[in-house]
Structures are given as C-alpha cells and as structure tokens.
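Participant: Dropping a structure here in structure tokens format, bear with me for questions.
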Amino acid sequence: LNYQNHYGNSILHDIVLWANDRPDIFKDRVAAVMIRYYLNLGVNPTLVNKDNFTASALVQRFKKIANENNYDPHHLNHVQNAFTLKSYN
C-alpha cells in the first residue's frame, strides 16, 4: 500500500496529480473518494516524494498555483476534504 515510484509518488500523490490534470468537479469527487478509501486502508499520508511534498501538500500547492494564475481552485476542495475529514465519503 505504501509503494513509491521512481518519483517518490505514492498512490495518494498519483490520485492528486490525476485530479489536477484537466480538472472537473466529477473527477475531483471520484479522486476524493479514492483518497479516503486508501487512507482508510492504511496508506501513509505522510510519505513525501522527491520534491519533498506529501500528497496533501500537493493539493495545497496546486490550489496556490491556481489562485496565482487566476484559475478557480475549487476543483480540489473535495480532494482536500478527503485528507482532513475521516468521515468523508
């Protein structure tokens, strides 16, 4: 469950990256449910990749970049909530 690829990304990192690629609210919701599922299975949310980001920190980074570039960062709200709300489903 805690496998990291050659970039240091875990399954949680990969889901966040997928959710941020061509974002839409449906994909965001699916990604959030997947993240909560893997967290409930015991995936370690504190794993860092080679850029020293946890998957949750990537969400924050992408939201910041979206704000700086006048994009709507709300597509990542569900994903962010999946990391912080244990009852998220």
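Residues in the structure tokens are named by chain (A, B, ... in the order shown) and by number from 1 within that chain; ligands are numbered from 1 in the order shown.
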What lies within 12 Å of stretch 80-84 of chain A using only C-alpha atoms, ignoring chain neighbours under 6 positions off, as a PDB file with C-alpha atoms, in the first residue's frame?

Facilitator:
ATOM      1  CA  LEU A  12      -2.178   9.263  -2.984  1.00  0.00           C
ATOM      2  CA  HIS A  13       0.210  11.507  -4.931  1.00  0.00           C
ATOM      3  CA  ILE A  15      -4.571  10.447  -7.401  1.00  0.00           C
ATOM      4  CA  VAL A  16      -3.943  14.118  -6.605  1.00  0.00           C
ATOM      5  CA  ALA A  19      -7.423  15.104 -10.136  1.00  0.00           C
ATOM      6  CA  ASN A  20      -5.450  18.226 -11.020  1.00  0.00           C
ATOM      7  CA  ASP A  28     -12.483  15.747  -8.126  1.00  0.00           C
ATOM      8  CA  ARG A  29     -15.223  13.859  -6.285  1.00  0.00           C
ATOM      9  CA  VAL A  30     -14.045  10.481  -7.576  1.00  0.00           C
ATOM     10  CA  ALA A  31     -10.468  11.310  -6.581  1.00  0.00           C
ATOM     11  CA  ALA A  32     -11.593  12.329  -3.108  1.00  0.00           C
ATOM     12  CA  VAL A  33     -13.477   9.075  -2.568  1.00  0.00           C
ATOM     13  CA  MET A  34     -10.441   7.116  -3.766  1.00  0.00           C
ATOM     14  CA  ILE A  35      -8.134   9.037  -1.409  1.00  0.00           C
ATOM     15  CA  ARG A  36     -10.394   8.426   1.580  1.00  0.00           C
ATOM     16  CA  TYR A  37     -10.637   4.743   0.631  1.00  0.00           C
ATOM     17  CA  TYR A  38      -6.847   4.344   0.543  1.00  0.00           C
ATOM     18  CA  LEU A  39      -6.396   6.314   3.756  1.00  0.00           C
ATOM     19  CA  ASN A  40      -8.915   4.030   5.452  1.00  0.00           C
ATOM     20  CA  VAL A  43      -1.856   4.200   3.214  1.00  0.00           C
ATOM     21  CA  ASN A  44       0.601   6.519   4.932  1.00  0.00           C
ATOM     22  CA  PRO A  45      -0.372  10.151   4.176  1.00  0.00           C
ATOM     23  CA  THR A  46       2.999  11.458   5.393  1.00  0.00           C
ATOM     24  CA  THR A  54       3.174  14.887   0.756  1.00  0.00           C
ATOM     25  CA  ALA A  55       0.072  14.256  -1.335  1.00  0.00           C
ATOM     26  CA  SER A  56      -1.891  16.671   0.852  1.00  0.00           C
ATOM     27  CA  ALA A  57       0.801  19.329   0.381  1.00  0.00           C
ATOM     28  CA  LEU A  58       0.472  18.869  -3.390  1.00  0.00           C
ATOM     29  CA  VAL A  59      -3.203  19.793  -3.116  1.00  0.00           C
ATOM     30  CA  GLN A  60      -2.253  22.988  -1.306  1.00  0.00           C
ATOM     31  CA  ARG A  61       0.427  23.728  -3.880  1.00  0.00           C
ATOM     32  CA  PHE A  62      -1.960  23.252  -6.809  1.00  0.00           C
ATOM     33  CA  LYS A  63      -4.581  25.456  -5.161  1.00  0.00           C
ATOM     34  CA  PRO A  73      -9.003  26.293  -7.348  1.00  0.00           C
ATOM     35  CA  HIS A  74     -12.338  24.944  -6.098  1.00  0.00           C
TER      36      HIS A  74
END

Participant: Restricting the calculation to only C-alpha atoms, which member of A:Arg22, A:Lys27, A:Lys50, A:His75 is positioned closest to A:Gly8?

Facilitator: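 Among the listed residues, A:Lys50 lies closest to A:Gly8.
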
Participant: DSSP on the backbone: what in chain A comes out alpha helix (DSSP H), as a ChimeraX atom specification?

Facilitator: /A:11-20,25-41,55-68,77-84

Participant: Restricted to C-alpha atoms, what would the selected residues look like written as a short mmCIF file (atom, residue, chain, number, x, y, z; two decimals), in the first residue's frame?

Facilitator:
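The resulting file, out.cif, is reproduced below:
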data_model
loop_
_atom_site.label_atom_id
_atom_site.label_comp_id
_atom_site.auth_asym_id
_atom_site.auth_seq_id
_atom_site.Cartn_x
_atom_site.Cartn_y
_atom_site.Cartn_z
CA ILE A 11 -0.90 6.14 -4.77
CA LEU A 12 -2.18 9.26 -2.98
CA HIS A 13 0.21 11.51 -4.93
CA ASP A 14 -0.89 9.89 -8.18
CA ILE A 15 -4.57 10.45 -7.40
CA VAL A 16 -3.94 14.12 -6.61
CA LEU A 17 -1.98 14.54 -9.84
CA TRP A 18 -4.80 12.87 -11.78
CA ALA A 19 -7.42 15.10 -10.14
CA ASN A 20 -5.45 18.23 -11.02
CA ILE A 25 -15.93 18.51 -10.33
CA PHE A 26 -16.82 14.89 -11.14
CA LYS A 27 -13.18 13.82 -11.33
CA ASP A 28 -12.48 15.75 -8.13
CA ARG A 29 -15.22 13.86 -6.29
CA VAL A 30 -14.05 10.48 -7.58
CA ALA A 31 -10.47 11.31 -6.58
CA ALA A 32 -11.59 12.33 -3.11
CA VAL A 33 -13.48 9.08 -2.57
CA MET A 34 -10.44 7.12 -3.77
CA ILE A 35 -8.13 9.04 -1.41
CA ARG A 36 -10.39 8.43 1.58
CA TYR A 37 -10.64 4.74 0.63
CA TYR A 38 -6.85 4.34 0.54
CA LEU A 39 -6.40 6.31 3.76
CA ASN A 40 -8.91 4.03 5.45
CA LEU A 41 -6.95 1.02 4.17
CA ALA A 55 0.07 14.26 -1.34
CA SER A 56 -1.89 16.67 0.85
CA ALA A 57 0.80 19.33 0.38
CA LEU A 58 0.47 18.87 -3.39
CA VAL A 59 -3.20 19.79 -3.12
CA GLN A 60 -2.25 22.99 -1.31
CA ARG A 61 0.43 23.73 -3.88
CA PHE A 62 -1.96 23.25 -6.81
CA LYS A 63 -4.58 25.46 -5.16
CA LYS A 64 -1.98 28.18 -4.60
CA ILE A 65 -0.82 27.98 -8.23
CA ALA A 66 -4.43 28.16 -9.42
CA ASN A 67 -5.04 31.28 -7.33
CA GLU A 68 -1.85 32.94 -8.56
CA ASN A 77 -11.91 21.17 -2.43
CA HIS A 78 -13.27 17.62 -2.30
CA VAL A 79 -9.74 16.23 -2.53
CA GLN A 80 -8.56 18.47 0.28
CA ASN A 81 -11.53 17.44 2.44
CA ALA A 82 -10.78 13.76 1.88
CA PHE A 83 -7.43 14.23 3.63
CA THR A 84 -8.86 16.07 6.62
#
